[in-house]
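Worksheet: the structure to be examined is printed underneath.
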Amino acid sequence: METSKTVRLVMPLLLGTVLLGGCAGTDLDLRPVASLSASNVMSPSGYSEAKVSDTQYTVNAMGTEATPKARIEKIARARAAQIAVEQRMPFYKVASVSYGVKCTKGKEIYRGGTQPATARQTVQLDVLYAKAPTDDTYVSAKESFEGLNAELNNEMIPSEAKIAAEQEVRAACAQTI
């Protein structure tokens, strides 16, 4: 009788320990990466664009601290292709790609809270659109968007890549990890 009472008391504790132990080391896996979504004031990671002319846009993408540069560029390219589909332009090409890092300083906010410093990789594309390709660098917008969107939705970023991305952007902003 005494043994079963002890088992009933100890088992939930052991189970909780096992479950928590199983989560150890996954903190890095939970760090978010940017997705194919529009950026805004509350969530700066994602894409934005500016129309330069009927056949030219500038597409920008920004990641979280843990988003690798290649994924940020893939988001920008997917948005460029998506714009072509939306504008009924069957073809597009990326004329130039620029990489950067956006650094913000930590600051105190209202009622004693703090906002930490951040470092985020950015990509800017200069994109040209056409009804028909004028050279072999133009690609099919629909096929490109479908392929890039599928890659982004199925991509698993390893913890090591997230750590490397954080170290790269923080070093560029001279922040300690």
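Naming scheme: A, B, ... for chains in displayed order of the structure tokens; residues 1 onward per chain; ligands 1 onward as shown.
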
Write down as a tab-separated table (two decimals) with C-alpha atoms, in the first residue's frame the residues of region 101-157 of chain A whose backbone DSSP state falls under strand (DSSP E or B).
chain	number	residue	atom	x	y	z
A	101	VAL	CA	22.10	44.71	-42.09
A	102	LYS	CA	19.67	46.82	-40.10
A	103	CYS	CA	20.83	47.49	-36.54
A	104	THR	CA	18.73	49.01	-33.77
A	107	LYS	CA	16.18	51.33	-25.34
A	108	GLU	CA	14.05	51.75	-22.30
A	114	THR	CA	13.35	47.55	-22.11
A	115	GLN	CA	13.49	46.86	-25.81
A	118	THR	CA	18.34	43.93	-32.72
A	119	ALA	CA	20.31	43.05	-35.83
A	120	ARG	CA	18.55	41.86	-38.98
A	121	GLN	CA	19.81	40.94	-42.42
A	122	THR	CA	18.18	42.68	-45.37
A	123	VAL	CA	18.02	42.06	-49.10
A	124	GLN	CA	16.95	44.51	-51.79
A	125	LEU	CA	16.12	43.46	-55.35
A	126	ASP	CA	15.70	45.65	-58.42
A	127	VAL	CA	13.14	43.73	-60.50
A	128	LEU	CA	12.05	44.17	-64.13
A	129	TYR	CA	8.80	42.74	-65.51
A	130	ALA	CA	7.73	41.93	-69.07
A	139	VAL	CA	12.04	33.69	-65.99
A	140	SER	CA	8.45	32.50	-65.81

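Excluding Thr64 (chain A) and any residue on its chain fewer than 4 positions from it, the residues at most 12 Å away by only C-alpha atoms are Arg31, Pro32, Val33, Ala34, Ser35, Ser39, Ser43, Pro44, Ser45, Gly46, Tyr47, Pro68, Lys69, Arg71, Ile72, Val101, Lys102, Cys103, Thr118, Ala119, Arg120, Gln121, Thr122, Lys162, Ile163, Ala165, Glu166, Val169 and Arg170 of chain A.
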
Practice item. Name the closest residue to Glu151 (chain A) among the candidates A:Leu30, A:Ala50, A:Ala78, A:Glu168; distances are taken between atoms, counting only C-alpha atoms. Key: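 Selected residue with least distance to Glu151 (chain A): A:Ala78.
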
**Study point:** In region 31-110 of chain A, DSSP helix (DSSP H, G or I) residues written as a VMD selection string
**Key:** chain A and resid 69 to 86 110

Any idea what's packed within 12 Å of Asp136 (chain A), counting only C-alpha atoms, ignoring anything in its chain fewer than 3 positions away? Could you give it as an mmCIF file with N, CA and C atoms, in the first residue's frame?
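Saved to selection_30.cif:
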data_model
loop_
_atom_site.group_PDB
_atom_site.id
_atom_site.type_symbol
_atom_site.label_atom_id
_atom_site.label_comp_id
_atom_site.auth_asym_id
_atom_site.auth_seq_id
_atom_site.Cartn_x
_atom_site.Cartn_y
_atom_site.Cartn_z
ATOM 1 N N PHE A 91 6.586 37.320 -67.106
ATOM 2 C CA PHE A 91 8.029 37.152 -66.941
ATOM 3 C C PHE A 91 8.620 38.274 -66.093
ATOM 4 N N TYR A 92 9.708 37.929 -65.424
ATOM 5 C CA TYR A 92 10.445 38.923 -64.644
ATOM 6 C C TYR A 92 11.909 38.517 -64.581
ATOM 7 N N LYS A 93 12.733 39.487 -64.209
ATOM 8 C CA LYS A 93 14.137 39.187 -63.922
ATOM 9 C C LYS A 93 14.615 40.101 -62.815
ATOM 10 N N ALA A 132 6.626 39.635 -72.440
ATOM 11 C CA ALA A 132 7.397 38.630 -73.184
ATOM 12 C C ALA A 132 8.869 38.847 -72.843
ATOM 13 N N PRO A 133 9.627 37.772 -72.713
ATOM 14 C CA PRO A 133 11.045 37.936 -72.355
ATOM 15 C C PRO A 133 11.826 38.616 -73.481
ATOM 16 N N VAL A 139 12.555 35.001 -66.378
ATOM 17 C CA VAL A 139 12.037 33.693 -65.989
ATOM 18 C C VAL A 139 10.517 33.757 -65.881
ATOM 19 N N SER A 140 9.892 32.598 -65.941
ATOM 20 C CA SER A 140 8.446 32.501 -65.809
ATOM 21 C C SER A 140 8.032 32.857 -64.380
#

**Study point:** Test item: residues at most 10 Å from Leu148 (chain A), only C-alpha atoms, excluding those fewer than 4 positions along its chain, as number ranges by chain
**Key:** A: 36, 74-79, 81-82, 143-144, 152-154

Would you output that residue set with all heavy atoms, as an mmCIF file, in the first residue's frame?
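Saved to result.cif:
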data_model
loop_
_atom_site.group_PDB
_atom_site.id
_atom_site.type_symbol
_atom_site.label_atom_id
_atom_site.label_comp_id
_atom_site.auth_asym_id
_atom_site.auth_seq_id
_atom_site.Cartn_x
_atom_site.Cartn_y
_atom_site.Cartn_z
ATOM 1 N N LEU A 36 7.246 34.184 -45.862
ATOM 2 C CA LEU A 36 6.740 34.954 -46.989
ATOM 3 C C LEU A 36 5.485 35.692 -46.542
ATOM 4 O O LEU A 36 4.366 35.226 -46.710
ATOM 5 C CB LEU A 36 6.450 34.048 -48.189
ATOM 6 C CG LEU A 36 5.956 34.741 -49.459
ATOM 7 C CD1 LEU A 36 6.977 35.747 -49.969
ATOM 8 C CD2 LEU A 36 5.647 33.727 -50.535
ATOM 9 N N LYS A 74 15.458 34.458 -50.800
ATOM 10 C CA LYS A 74 14.407 33.614 -51.377
ATOM 11 C C LYS A 74 13.033 34.258 -51.155
ATOM 12 O O LYS A 74 12.171 34.221 -52.035
ATOM 13 C CB LYS A 74 14.464 32.224 -50.744
ATOM 14 C CG LYS A 74 13.756 31.155 -51.533
ATOM 15 C CD LYS A 74 13.887 29.787 -50.871
ATOM 16 C CE LYS A 74 15.319 29.302 -50.857
ATOM 17 N NZ LYS A 74 15.482 27.974 -50.251
ATOM 18 N N ILE A 75 12.828 34.867 -50.000
ATOM 19 C CA ILE A 75 11.563 35.562 -49.711
ATOM 20 C C ILE A 75 11.395 36.735 -50.671
ATOM 21 O O ILE A 75 10.315 36.935 -51.243
ATOM 22 C CB ILE A 75 11.518 36.033 -48.241
ATOM 23 C CG1 ILE A 75 11.383 34.829 -47.316
ATOM 24 C CG2 ILE A 75 10.395 37.039 -48.008
ATOM 25 C CD1 ILE A 75 11.635 35.125 -45.843
ATOM 26 N N ALA A 76 12.452 37.508 -50.874
ATOM 27 C CA ALA A 76 12.380 38.650 -51.785
ATOM 28 C C ALA A 76 12.101 38.188 -53.214
ATOM 29 O O ALA A 76 11.278 38.776 -53.931
ATOM 30 C CB ALA A 76 13.674 39.460 -51.724
ATOM 31 N N ARG A 77 12.762 37.125 -53.646
ATOM 32 C CA ARG A 77 12.541 36.604 -55.003
ATOM 33 C C ARG A 77 11.123 36.049 -55.161
ATOM 34 O O ARG A 77 10.487 36.228 -56.201
ATOM 35 C CB ARG A 77 13.590 35.551 -55.343
ATOM 36 C CG ARG A 77 14.967 36.149 -55.602
ATOM 37 C CD ARG A 77 16.009 35.082 -55.932
ATOM 38 N NE ARG A 77 17.305 35.680 -56.163
ATOM 39 C CZ ARG A 77 17.713 36.153 -57.346
ATOM 40 N NH1 ARG A 77 16.938 36.084 -58.401
ATOM 41 N NH2 ARG A 77 18.913 36.697 -57.462
ATOM 42 N N ALA A 78 10.619 35.382 -54.138
ATOM 43 C CA ALA A 78 9.243 34.867 -54.198
ATOM 44 C C ALA A 78 8.253 36.024 -54.293
ATOM 45 O O ALA A 78 7.283 35.965 -55.064
ATOM 46 C CB ALA A 78 8.950 33.999 -52.976
ATOM 47 N N ARG A 79 8.487 37.084 -53.535
ATOM 48 C CA ARG A 79 7.589 38.246 -53.610
ATOM 49 C C ARG A 79 7.687 38.911 -54.986
ATOM 50 O O ARG A 79 6.670 39.332 -55.544
ATOM 51 C CB ARG A 79 7.891 39.254 -52.505
ATOM 52 C CG ARG A 79 7.009 40.474 -52.553
ATOM 53 C CD ARG A 79 5.526 40.136 -52.475
ATOM 54 N NE ARG A 79 4.706 41.330 -52.655
ATOM 55 C CZ ARG A 79 3.484 41.336 -53.140
ATOM 56 N NH1 ARG A 79 2.885 40.200 -53.486
ATOM 57 N NH2 ARG A 79 2.827 42.462 -53.271
ATOM 58 N N ALA A 81 8.283 37.449 -57.820
ATOM 59 C CA ALA A 81 7.510 36.591 -58.721
ATOM 60 C C ALA A 81 6.017 36.751 -58.464
ATOM 61 O O ALA A 81 5.212 36.788 -59.403
ATOM 62 C CB ALA A 81 7.937 35.136 -58.551
ATOM 63 N N GLN A 82 5.632 36.867 -57.204
ATOM 64 C CA GLN A 82 4.228 37.030 -56.849
ATOM 65 C C GLN A 82 3.677 38.345 -57.414
ATOM 66 O O GLN A 82 2.538 38.382 -57.900
ATOM 67 C CB GLN A 82 4.084 36.989 -55.328
ATOM 68 C CG GLN A 82 2.665 36.977 -54.838
ATOM 69 C CD GLN A 82 2.606 36.864 -53.318
ATOM 70 O OE1 GLN A 82 3.451 37.417 -52.610
ATOM 71 N NE2 GLN A 82 1.615 36.145 -52.822
ATOM 72 N N GLU A 143 5.806 29.873 -62.566
ATOM 73 C CA GLU A 143 6.622 28.718 -62.177
ATOM 74 C C GLU A 143 7.593 29.077 -61.061
ATOM 75 O O GLU A 143 7.791 28.306 -60.127
ATOM 76 C CB GLU A 143 7.391 28.190 -63.385
ATOM 77 C CG GLU A 143 6.531 27.512 -64.416
ATOM 78 C CD GLU A 143 7.305 27.120 -65.669
ATOM 79 O OE1 GLU A 143 8.559 27.095 -65.625
ATOM 80 O OE2 GLU A 143 6.653 26.850 -66.680
ATOM 81 N N SER A 144 8.188 30.245 -61.169
ATOM 82 C CA SER A 144 9.149 30.685 -60.158
ATOM 83 C C SER A 144 8.462 30.860 -58.808
ATOM 84 O O SER A 144 8.959 30.396 -57.776
ATOM 85 C CB SER A 144 9.807 31.991 -60.596
ATOM 86 O OG SER A 144 10.728 32.432 -59.638
ATOM 87 N N LEU A 152 10.039 27.627 -49.539
ATOM 88 C CA LEU A 152 9.930 28.361 -48.282
ATOM 89 C C LEU A 152 9.031 27.632 -47.290
ATOM 90 O O LEU A 152 9.326 27.576 -46.095
ATOM 91 C CB LEU A 152 9.405 29.776 -48.526
ATOM 92 C CG LEU A 152 10.395 30.735 -49.179
ATOM 93 C CD1 LEU A 152 9.680 31.975 -49.699
ATOM 94 C CD2 LEU A 152 11.503 31.115 -48.205
ATOM 95 N N ASN A 153 7.936 27.077 -47.768
ATOM 96 C CA ASN A 153 7.001 26.379 -46.881
ATOM 97 C C ASN A 153 7.566 25.076 -46.332
ATOM 98 O O ASN A 153 7.178 24.641 -45.252
ATOM 99 C CB ASN A 153 5.680 26.104 -47.601
ATOM 100 C CG ASN A 153 4.861 27.359 -47.786
ATOM 101 O OD1 ASN A 153 4.966 28.309 -47.010
ATOM 102 N ND2 ASN A 153 4.052 27.381 -48.826
ATOM 103 N N ASN A 154 8.469 24.443 -47.072
ATOM 104 C CA ASN A 154 9.007 23.148 -46.658
ATOM 105 C C ASN A 154 10.413 23.216 -46.066
ATOM 106 O O ASN A 154 10.939 22.200 -45.625
ATOM 107 C CB ASN A 154 8.996 22.178 -47.851
ATOM 108 C CG ASN A 154 7.588 21.878 -48.302
ATOM 109 O OD1 ASN A 154 6.707 21.641 -47.490
ATOM 110 N ND2 ASN A 154 7.359 21.911 -49.604
#

Check your understanding: Looking at only C-alpha atoms, which of A:Ala164, A:Tyr57, A:Ile157, A:Gly112 is the one that sits closest to Val94 (chain A)?
Key -> A:Tyr57
